[in-house]
file model-v7.txt (compact mmCIF, C-alpha atoms and all ligand atoms)
# COMPACT_ATOMS: atom_id res chain seq x y z
CA MET P 104 124.75 111.01 81.21
CA LYS P 105 124.11 113.92 78.87
CA LYS P 106 120.41 113.92 79.69
CA THR P 107 118.20 115.72 82.18
CA ILE P 108 116.24 114.29 85.08
CA GLY P 109 113.41 116.03 86.89
CA PHE P 110 111.91 115.60 90.34
CA ILE P 111 108.36 116.62 91.10
CA GLY P 112 108.43 116.74 94.90
CA CYS P 113 111.64 117.23 96.89
CA GLY P 114 110.83 115.16 99.99
CA ASN P 115 112.61 112.19 101.52
CA MET P 116 112.84 109.91 98.51
CA ALA P 117 113.76 112.71 96.11
CA LYS P 118 116.56 113.80 98.44
CA ALA P 119 117.83 110.24 98.82
CA MET P 120 117.82 109.67 95.05
CA ILE P 121 119.37 113.06 94.19
CA GLY P 122 122.13 112.35 96.72
CA GLY P 123 123.12 109.22 94.78
CA LEU P 124 122.83 110.88 91.39
CA THR P 125 125.06 113.79 92.35
CA LYS P 126 127.61 111.67 94.23
CA SER P 127 127.97 109.29 91.28
CA LYS P 128 128.21 112.28 88.89
CA LEU P 129 125.72 110.53 86.61
CA PHE P 130 124.03 113.91 86.05
CA ASP P 131 125.49 117.37 86.44
CA PRO P 132 123.56 119.25 89.15
CA GLU P 133 122.21 121.77 86.59
CA ASN P 134 120.67 118.81 84.70
CA ILE P 135 118.74 117.73 87.81
CA VAL P 136 115.62 119.87 87.64
CA CYS P 137 113.30 120.08 90.66
CA TYR P 138 110.15 121.66 92.03
CA ASP P 139 108.25 121.39 95.31
CA PRO P 140 105.58 123.83 96.47
CA ALA P 141 107.11 123.69 99.95
CA ALA P 142 109.86 126.33 99.92
CA ALA P 143 111.79 124.59 102.71
CA ALA P 144 111.93 121.33 100.70
CA ARG P 145 113.18 122.90 97.46
CA GLU P 146 115.62 125.19 99.28
CA GLN P 147 117.08 122.16 101.06
CA VAL P 148 117.86 120.28 97.83
CA ALA P 149 119.25 123.46 96.27
CA LYS P 150 121.54 123.95 99.27
CA ASP P 151 122.59 120.30 99.63
CA PHE P 152 123.09 119.40 95.97
CA GLY P 153 123.14 122.63 93.91
CA VAL P 154 120.35 121.33 91.65
CA ASN P 155 118.34 123.40 89.18
CA ILE P 156 115.17 124.65 90.94
CA GLN P 157 112.15 125.70 88.86
CA ASP P 158 109.00 127.52 89.95
CA SER P 159 106.42 124.93 88.84
CA ASN P 160 105.86 121.25 88.09
CA VAL P 161 105.02 122.20 84.50
CA LYS P 162 108.44 123.80 83.97
CA VAL P 163 110.17 120.70 85.30
CA ALA P 164 108.09 118.39 83.10
CA ALA P 165 108.70 120.50 79.99
CA GLN P 166 112.49 120.14 80.03
CA VAL P 167 113.46 116.68 81.27
CA ASP P 168 114.20 113.29 79.68
CA TYR P 169 113.45 111.34 82.89
CA LEU P 170 110.70 112.54 85.20
CA VAL P 171 110.55 111.19 88.76
CA LEU P 172 107.15 111.67 90.43
CA ALA P 173 108.40 111.86 94.02
CA ILE P 174 105.01 112.68 95.51
CA LYS P 175 102.52 110.77 97.65
CA PRO P 176 100.29 108.29 95.77
CA PHE P 177 97.06 110.29 96.28
CA LEU P 178 98.59 113.27 94.39
CA TYR P 179 99.53 111.34 91.24
CA ALA P 180 96.30 111.85 89.26
CA GLN P 181 96.13 115.58 90.04
CA ILE P 182 99.77 116.22 89.17
CA LEU P 183 99.69 114.10 86.01
CA GLU P 184 96.72 116.20 84.84
CA GLU P 185 98.67 119.35 85.69
CA ILE P 186 101.76 118.38 83.63
CA ALA P 187 100.04 116.38 80.86
CA LYS P 188 100.49 119.01 78.13
CA SER P 189 104.11 119.77 79.08
CA VAL P 190 105.78 116.34 79.29
CA LYS P 191 108.19 115.66 76.40
CA PRO P 192 106.71 112.89 74.20
CA ALA P 193 109.95 110.84 74.47
CA ALA P 194 110.32 111.31 78.24
CA ILE P 195 110.47 108.32 80.59
CA ILE P 196 108.13 108.67 83.56
CA ILE P 197 109.57 107.15 86.75
CA VAL P 198 106.81 106.16 89.18
CA ILE P 199 107.98 105.57 92.75
CA ALA P 200 104.59 105.46 94.49
CA VAL P 201 102.97 102.34 95.83
CA GLY P 202 99.80 101.39 93.97
CA VAL P 203 100.28 103.55 90.86
CA GLY P 204 100.28 101.34 87.75
CA PHE P 205 101.11 101.84 84.08
CA ASP P 206 97.45 102.42 83.20
CA ASP P 207 97.08 105.14 85.85
CA VAL P 208 99.86 107.13 84.14
CA LYS P 209 99.09 106.27 80.51
CA GLY P 210 95.39 106.98 81.09
CA ILE P 211 96.36 110.64 81.60
CA LEU P 212 99.62 111.11 79.63
CA GLY P 213 98.68 108.85 76.70
CA LYS P 214 99.40 105.26 75.74
CA ASN P 215 102.67 106.11 73.96
CA ILE P 216 104.42 107.54 77.01
CA LYS P 217 107.19 105.35 78.45
CA VAL P 218 106.68 104.49 82.11
CA VAL P 219 108.78 102.56 84.59
CA ARG P 220 107.32 101.48 87.93
CA THR P 221 109.90 101.46 90.71
CA GLN P 222 110.34 101.20 94.48
CA PRO P 223 113.52 102.67 95.93
CA SER P 224 114.10 102.63 99.71
CA THR P 225 115.44 105.12 102.26
CA PRO P 226 118.89 103.45 102.53
CA ALA P 227 119.36 105.27 99.20
CA PHE P 228 120.49 108.10 101.52
CA VAL P 229 123.70 106.10 102.04
CA GLY P 230 123.88 104.50 98.59
CA GLU P 231 122.28 101.23 99.74
CA SER P 232 118.71 101.21 98.37
CA ASP P 233 117.33 97.77 97.45
CA SER P 234 115.43 99.17 94.49
CA THR P 235 113.04 97.27 92.25
CA VAL P 236 112.11 98.39 88.74
CA CYS P 237 109.53 97.22 86.23
CA PRO P 238 109.75 98.78 82.74
CA ASP P 239 106.77 98.95 80.41
CA ASP P 240 106.73 97.31 76.96
CA LEU P 241 107.70 100.52 75.16
CA MET P 242 111.08 100.84 76.82
CA THR P 243 114.10 99.82 74.75
CA LYS P 244 117.17 97.97 76.06
CA GLU P 245 118.99 101.32 76.13
CA ASP P 246 116.16 102.96 78.11
CA ILE P 247 116.26 100.12 80.63
CA ALA P 248 120.05 100.32 80.91
CA ASP P 249 119.78 104.08 81.61
CA VAL P 250 117.11 103.57 84.27
CA LEU P 251 119.25 100.86 85.90
CA ALA P 252 122.22 103.26 85.90
CA ILE P 253 120.05 105.86 87.65
CA PHE P 254 118.90 103.42 90.36
CA ASP P 255 122.34 101.78 90.71
CA SER P 256 123.74 105.22 91.59
CA PHE P 257 122.07 104.94 95.01
CA GLY P 258 122.09 101.20 95.67
CA LYS P 259 121.35 97.79 94.18
CA THR P 260 118.56 97.20 91.67
CA GLU P 261 116.43 94.22 90.65
CA ILE P 262 114.15 94.06 87.60
CA ILE P 263 110.84 92.42 88.53
CA SER P 264 107.45 91.68 86.96
CA GLU P 265 104.49 94.01 87.35
CA LYS P 266 102.69 91.32 89.37
CA LEU P 267 105.45 91.42 92.02
CA MET P 268 105.60 95.22 92.01
CA GLY P 269 102.52 95.22 94.25
CA VAL P 270 104.20 92.88 96.73
CA VAL P 271 107.58 94.58 96.89
CA PRO P 272 106.98 97.05 99.77
CA GLY P 273 106.54 94.01 102.05
CA ILE P 274 110.07 92.70 101.61
CA ALA P 275 111.95 95.74 100.36
CA SER P 276 110.84 99.38 100.38
CA SER P 277 108.95 99.27 103.70
CA ALA P 278 111.45 96.90 105.30
CA PRO P 279 113.83 99.57 106.65
CA ALA P 280 111.10 100.45 109.18
CA TYR P 281 111.00 96.90 110.59
CA VAL P 282 114.79 96.66 110.63
CA MET P 283 114.95 99.96 112.57
CA ILE P 284 112.56 98.52 115.17
CA PHE P 285 114.78 95.44 115.47
CA ILE P 286 117.90 97.60 115.94
CA GLU P 287 116.11 99.82 118.48
CA ALA P 288 114.91 96.80 120.45
CA MET P 289 118.36 95.16 120.50
CA ALA P 290 119.91 98.42 121.67
CA ASP P 291 117.24 98.82 124.39
CA ALA P 292 118.23 95.40 125.70
CA GLY P 293 121.87 96.49 125.65
CA VAL P 294 120.93 99.59 127.66
CA LEU P 295 119.01 97.35 130.07
CA HIS P 296 122.32 95.61 130.74
CA GLY P 297 124.32 98.82 131.15
CA PHE P 298 125.57 99.72 127.67
CA PRO P 299 125.67 103.44 126.82
CA ARG P 300 122.88 104.07 124.29
CA ASP P 301 125.05 105.35 121.43
CA GLN P 302 127.37 102.37 121.70
CA ALA P 303 124.37 100.01 121.83
CA TYR P 304 122.97 101.48 118.58
CA ARG P 305 126.36 101.15 116.85
CA LEU P 306 126.75 97.51 117.91
CA ALA P 307 123.17 96.53 117.03
CA ALA P 308 123.32 98.29 113.65
CA GLN P 309 126.69 96.72 112.81
CA ALA P 310 125.28 93.28 113.71
CA VAL P 311 122.49 93.80 111.14
CA TYR P 312 124.82 95.32 108.54
CA GLY P 313 127.49 92.65 108.95
CA SER P 314 124.96 89.80 108.85
CA ALA P 315 123.35 91.20 105.70
CA LYS P 316 126.77 91.55 104.07
CA LEU P 317 127.64 87.98 105.02
CA VAL P 318 124.45 86.65 103.35
CA LEU P 319 125.07 88.69 100.21
CA GLU P 320 128.78 87.99 99.85
CA SER P 321 128.95 84.35 100.96
CA GLY P 322 125.89 83.21 99.00
CA GLU P 323 125.25 80.73 101.83
CA HIS P 324 121.76 79.86 103.05
CA PRO P 325 120.81 82.15 105.99
CA GLY P 326 119.94 79.06 108.04
CA LYS P 327 123.49 77.71 107.65
CA LEU P 328 124.93 81.08 108.68
CA LYS P 329 122.60 81.09 111.73
CA ASP P 330 123.79 77.60 112.68
CA GLN P 331 127.44 78.78 112.52
CA VAL P 332 126.68 81.18 115.40
CA CYS P 333 124.88 78.64 117.58
CA THR P 334 127.47 76.85 119.73
CA PRO P 335 125.90 73.65 121.16
CA GLY P 336 124.83 74.45 124.72
CA GLY P 337 125.96 78.06 124.15
CA THR P 338 124.44 81.52 124.42
CA THR P 339 123.00 82.06 120.93
CA ILE P 340 120.72 79.04 120.95
CA GLU P 341 119.13 80.44 124.14
CA ALA P 342 118.19 83.59 122.21
CA VAL P 343 116.99 81.52 119.24
CA ARG P 344 114.78 79.43 121.58
CA VAL P 345 113.14 82.59 122.97
CA LEU P 346 112.65 84.14 119.51
CA GLU P 347 110.94 80.97 118.28
CA ALA P 348 108.79 80.75 121.45
CA LYS P 349 107.69 84.40 120.99
CA GLY P 350 106.73 83.79 117.37
CA PHE P 351 109.46 85.95 115.80
CA ARG P 352 109.27 84.27 112.38
CA ASP P 353 105.49 84.36 112.33
CA ALA P 354 105.50 88.02 113.39
CA VAL P 355 107.85 88.87 110.51
CA ILE P 356 105.95 86.81 107.92
CA SER P 357 102.61 88.27 109.07
CA ALA P 358 103.98 91.82 108.98
CA VAL P 359 105.40 91.41 105.46
CA ASP P 360 102.13 89.82 104.35
CA ALA P 361 100.06 92.69 105.83
CA CYS P 362 102.27 95.24 104.08
CA ALA P 363 102.07 93.41 100.74
CA LEU P 364 98.28 93.03 101.01
CA LYS P 365 97.87 96.75 101.75
CA SER P 366 100.05 97.60 98.76
CA LEU P 367 98.10 95.21 96.49
CA SER P 368 94.81 96.74 97.67
CA MET P 369 96.14 100.20 96.75
CA SER P 370 96.83 98.96 93.19
CA LYS P 371 93.23 97.77 92.85
CA LYS P 372 91.56 100.98 94.02
N1 LIG L 401 109.62 106.98 102.15
C1 LIG L 401 109.89 105.78 101.66
O1 LIG L 401 110.54 104.91 102.30
C2 LIG L 401 109.44 105.41 100.27
C3 LIG L 401 108.53 106.19 99.60
N2 LIG L 401 108.12 105.82 98.35
C4 LIG L 401 107.16 106.65 97.63
O2 LIG L 401 107.79 107.89 97.37
C5 LIG L 401 106.80 108.90 97.25
C6 LIG L 401 107.26 110.12 98.04
O3 LIG L 401 107.40 109.72 99.39
P1 LIG L 401 108.34 110.53 100.40
O4 LIG L 401 109.48 111.13 99.68
O5 LIG L 401 108.59 109.61 101.53
O6 LIG L 401 107.31 111.68 100.84
P2 LIG L 401 107.63 113.15 101.39
O7 LIG L 401 106.39 113.59 102.09
O8 LIG L 401 108.92 113.17 102.14
O9 LIG L 401 107.81 114.00 100.04
C7 LIG L 401 106.75 114.35 99.20
C8 LIG L 401 107.00 115.78 98.73
O10 LIG L 401 105.98 116.10 97.79
C9 LIG L 401 105.76 117.50 97.92
N3 LIG L 401 104.51 117.91 97.29
C10 LIG L 401 103.28 118.01 97.85
N4 LIG L 401 102.40 118.50 96.96
C11 LIG L 401 103.09 118.68 95.79
C12 LIG L 401 102.74 119.19 94.51
N5 LIG L 401 101.48 119.58 94.22
N6 LIG L 401 103.71 119.25 93.56
C13 LIG L 401 104.98 118.86 93.82
N7 LIG L 401 105.37 118.39 95.03
C14 LIG L 401 104.43 118.31 96.00
C15 LIG L 401 105.79 117.73 99.42
O11 LIG L 401 105.98 119.12 99.74
C16 LIG L 401 106.93 116.83 99.85
O12 LIG L 401 108.16 117.55 99.93
C17 LIG L 401 105.48 108.29 97.74
O13 LIG L 401 104.66 108.04 96.63
C18 LIG L 401 105.90 106.99 98.40
O14 LIG L 401 104.94 105.97 98.21
C19 LIG L 401 108.64 104.74 97.70
C20 LIG L 401 109.55 103.95 98.30
C21 LIG L 401 110.02 104.21 99.66
O1 LIG L 402 104.71 103.48 103.71
C1 LIG L 402 104.63 103.81 102.54
O2 LIG L 402 103.54 103.91 101.98
C2 LIG L 402 105.88 104.07 101.72
C3 LIG L 402 106.02 103.18 100.55
C4 LIG L 402 107.21 102.31 100.78
C5 LIG L 402 107.79 102.84 101.99
N1 LIG L 402 107.06 103.79 102.49
call {"tool": "encode", "arguments": {"input": "model-v7.txt", "output": "C-alpha cells"}}
result
Amino acid sequence: MKKTIGFIGCGNMAKAMIGGLTKSKLFDPENIVCYDPAAAAREQVAKDFGVNIQDSNVKVAAQVDYLVLAIKPFLYAQILEEIAKSVKPAAIIIVIAVGVGFDDVKGILGKNIKVVRTQPSTPAFVGESDSTVCPDDLMTKEDIADVLAIFDSFGKTEIISEKLMGVVPGIASSAPAYVMIFIEAMADAGVLHGFPRDQAYRLAAQAVYGSAKLVLESGEHPGKLKDQVCTPGGTTIEAVRVLEAKGFRDAVISAVDACALKSLSMSKK
C-alpha cells in the first residue's frame, strides 16, 4: 500500500499489529509512523520492526492516512483533544479500544472524520487475530477494503454491526485469556500425571489449535466433532461427564456474558 499508517501508543496491540503489517509488506517500515511517551516501548518497535519513530502524537497524526489509537480507553478523549488540529481531514481513525464509539471520536475530531471501530486480539502476534471491524457510514468500499487488508495482515477479520461491537470482547478479543487458562489447567493435569511441563504445554496447546482448525476447516458442528472423539464406554466420555457435572458450559457462558456486559457498560459511560 502506498499509504502511511500511524500508531499512537506502542504497547502490546500496536506491536502485534505492526508485526503483521511488516511481515506482510503491506506498508514499508518508514511508512509506519509511531509514538509512545514510554521510551522503552518506542525503542522496542524501532528495534524489532525498523518503523519511523516521531517525538509526539501530534507529529504522527499530522502525516498518516490511517491512524491507530493503540492506547487504553481512558486516554482516548485526552489524546483526541491533543491531536485534533493535526489529523489529516481524509484520514481514517482506527479505534481499537473497548467502549469507544463513533460519537466519542467525531465529537472531538468532527463529524466528517472517517472512523472504524475494531477489536483485534493478541494472537495477532502470530498472524492469527480474530479481528472484528465496524466501519462508519462515511467509509467507501475502497476504504473498507483497505482496512480489511490491514487487519487481514495479522489474522482473520469479520465485519460486524455497531450493536455487536460492544459484545465482541466476550467471544473474541478477551477470549485468548480464557483459552490460556484452559491450556494451563490441562497442562497442570498432565504434570500431575508425570509429564514434563514444557511437553504438557505443547500437547495442550496443540489440542486447542488442532481442534480449532478442525472446526474451521471441516465446517462441521462442534457437537458432531466432539461426538467423534467419544468412544462408547471409552475415556473421553468420562472427561465430558465431569466437565458437565462441574458446570463447564455454564462457566464459559457466564464468563463470556460478564465480559460482554462489562464492555457494553463501558460504551454507555
Ligand atoms: N490487549 C488486548 O488483548 C487487546 C487490547 N485492546 C485495546 O487496545 C488498546 C491498547 O491496549 P494494549 O496494547 O493491551 O495496552 P498497552 O498498555 O500494552 O499499550 C498502551 C501503550 O500506550 C502508551 N501510552 C500511554 N500514554 C500515552 C500517550 N499519552 N500517548 C501515546 N501513548 C501512550 C503506553 O506507554 C503503552 O505503551 C486498549 O484500548 C485496549 O482496550 C483491544 C483488543 C485486544
Ligand atoms: O481487557 C481488556 O479490556 C482488553 C480489551 C480486549 C482484551 N483486552
call {"tool": "residues_near_ligand", "arguments": {"input": "model-v7.txt", "ligand": "ligand LIG 402 (chain L)", "cutoff": "9 Å", "atoms": "all atoms listed in the file", "output": "list in words"}}
result
Lys175, Pro176, Ile199, Ala200, Val201, Gln222, Pro223, Ser224, Thr225, Val271, Pro272, Gly273, Ala275, Ser276, Ser277, Ala278, Pro279, Ala280, Cys362 and Ser366 of chain P
call {"tool": "residues_near_point", "arguments": {"input": "model-v7.txt", "point": "(102.1, 120.3, 79.7)", "cutoff": "8 Å", "atoms": "only C-alpha atoms", "output": "list in words"}}
result
Val161, Ala164, Ala165, Glu185, Ile186, Ala187, Lys188, Ser189 and Val190 of chain P
call {"tool": "residues_around", "arguments": {"input": "model-v7.txt", "residues": "Ala315 in chain P", "least_positions_apart": "3", "cutoff": "12 Å", "atoms": "only C-alpha atoms", "output": "list of chain:residue names"}}
result
P:Glu231, P:Val282, P:Ala308, P:Gln309, P:Ala310, P:Val311, P:Tyr312, P:Val318, P:Leu319, P:Glu320, P:Ser321, P:Gly322, P:Glu323, P:His324, P:Pro325, P:Leu328, P:Lys329
call {"tool": "residues_around", "arguments": {"input": "model-v7.txt", "residues": "range 264-268 of chain P", "least_positions_apart": "2", "cutoff": "10 Å", "atoms": "all atoms listed in the file", "output": "number ranges by chain"}}
result
P: 201-205, 219-222, 235-239, 262, 270-272, 363, 366-367, 370
call {"tool": "closest_residue", "arguments": {"input": "model-v7.txt", "among": "P:Met369, P:Leu364, P:Ala342, P:Ile211", "to": "ligand LIG 401 (chain L)", "atoms": "all atoms listed in the file"}}
result
P:Met369
call {"tool": "closest_residue", "arguments": {"input": "model-v7.txt", "among": "P:Val198, P:Ile284, P:Ala173, P:Gly112", "to": "Ile156 in chain P", "atoms": "all atoms listed in the file"}}
result
P:Gly112
call {"tool": "closest_residue", "arguments": {"input": "model-v7.txt", "among": "P:Ile135, P:Ala194, P:Val163, P:Leu129", "to": "ligand LIG 401 (chain L)", "atoms": "all atoms listed in the file"}}
result
P:Val163
call {"tool": "axis_aligned_box", "arguments": {"input": "model-v7.txt", "around": "ligand LIG 401 (chain L)", "padding_each_side": "3 Å", "output": "AutoDock Vina command-line options"}}
result
--center_x 106.0 --center_y 111.8 --center_z 97.9 --size_x 15.1 --size_y 21.6 --size_z 14.7
call {"tool": "residues_around", "arguments": {"input": "model-v7.txt", "residues": "range 254-260 of chain P", "least_positions_apart": "5", "cutoff": "7 Å", "atoms": "all atoms listed in the file", "output": "count of residues only"}}
result
11
call {"tool": "residues_near_point", "arguments": {"input": "model-v7.txt", "point": "(119.5, 79.4, 118.2)", "cutoff": "12 Å", "atoms": "only C-alpha atoms", "output": "mmCIF file with C-alpha atoms, keeping the file's coordinate frame"}}
result
data_model
loop_
_atom_site.group_PDB
_atom_site.id
_atom_site.type_symbol
_atom_site.label_atom_id
_atom_site.label_comp_id
_atom_site.auth_asym_id
_atom_site.auth_seq_id
_atom_site.Cartn_x
_atom_site.Cartn_y
_atom_site.Cartn_z
ATOM 1 C CA GLY P 326 119.940 79.060 108.040
ATOM 2 C CA LYS P 327 123.490 77.710 107.650
ATOM 3 C CA LEU P 328 124.930 81.080 108.680
ATOM 4 C CA LYS P 329 122.600 81.090 111.730
ATOM 5 C CA ASP P 330 123.790 77.600 112.680
ATOM 6 C CA GLN P 331 127.440 78.780 112.520
ATOM 7 C CA VAL P 332 126.680 81.180 115.400
ATOM 8 C CA CYS P 333 124.880 78.640 117.580
ATOM 9 C CA THR P 334 127.470 76.850 119.730
ATOM 10 C CA PRO P 335 125.900 73.650 121.160
ATOM 11 C CA GLY P 336 124.830 74.450 124.720
ATOM 12 C CA GLY P 337 125.960 78.060 124.150
ATOM 13 C CA THR P 338 124.440 81.520 124.420
ATOM 14 C CA THR P 339 123.000 82.060 120.930
ATOM 15 C CA ILE P 340 120.720 79.040 120.950
ATOM 16 C CA GLU P 341 119.130 80.440 124.140
ATOM 17 C CA ALA P 342 118.190 83.590 122.210
ATOM 18 C CA VAL P 343 116.990 81.520 119.240
ATOM 19 C CA ARG P 344 114.780 79.430 121.580
ATOM 20 C CA VAL P 345 113.140 82.590 122.970
ATOM 21 C CA LEU P 346 112.650 84.140 119.510
ATOM 22 C CA GLU P 347 110.940 80.970 118.280
ATOM 23 C CA ALA P 348 108.790 80.750 121.450
#
call {"tool": "closest_residue", "arguments": {"input": "model-v7.txt", "among": "P:Leu306, P:Ile174, P:Val136, P:Val148", "to": "ligand LIG 401 (chain L)", "atoms": "all atoms listed in the file"}}
result
P:Ile174
call {"tool": "build_atoms", "arguments": {"input": "model-v7.txt", "residues": "range 358-369 of chain P", "atoms": "N, CA and C atoms", "output": "CSV table (one decimal), in the coordinates of the input"}}
result
chain,number,residue,atom,x,y,z
P,358,ALA,N,103.8,90.4,109.2
P,358,ALA,CA,104.0,91.8,109.0
P,358,ALA,C,104.2,92.1,107.5
P,359,VAL,N,105.1,91.3,106.9
P,359,VAL,CA,105.4,91.4,105.5
P,359,VAL,C,104.1,91.2,104.6
P,360,ASP,N,103.4,90.1,105.0
P,360,ASP,CA,102.1,89.8,104.4
P,360,ASP,C,101.1,91.0,104.4
P,361,ALA,N,101.0,91.6,105.6
P,361,ALA,CA,100.1,92.7,105.8
P,361,ALA,C,100.5,93.9,105.0
P,362,CYS,N,101.8,94.1,104.9
P,362,CYS,CA,102.3,95.2,104.1
P,362,CYS,C,102.0,95.0,102.6
P,363,ALA,N,102.3,93.8,102.2
P,363,ALA,CA,102.1,93.4,100.7
P,363,ALA,C,100.6,93.5,100.4
P,364,LEU,N,99.7,93.0,101.3
P,364,LEU,CA,98.3,93.0,101.0
P,364,LEU,C,97.8,94.5,100.9
P,365,LYS,N,98.3,95.3,101.8
P,365,LYS,CA,97.9,96.8,101.8
P,365,LYS,C,98.3,97.4,100.4
P,366,SER,N,99.5,97.1,100.0
P,366,SER,CA,100.0,97.6,98.8
P,366,SER,C,99.2,97.1,97.6
P,367,LEU,N,98.9,95.8,97.6
P,367,LEU,CA,98.1,95.2,96.5
P,367,LEU,C,96.7,95.8,96.5
P,368,SER,N,96.1,96.1,97.6
P,368,SER,CA,94.8,96.7,97.7
P,368,SER,C,94.9,98.2,97.1
P,369,MET,N,96.0,98.8,97.3
P,369,MET,CA,96.1,100.2,96.8
P,369,MET,C,96.2,100.2,95.2
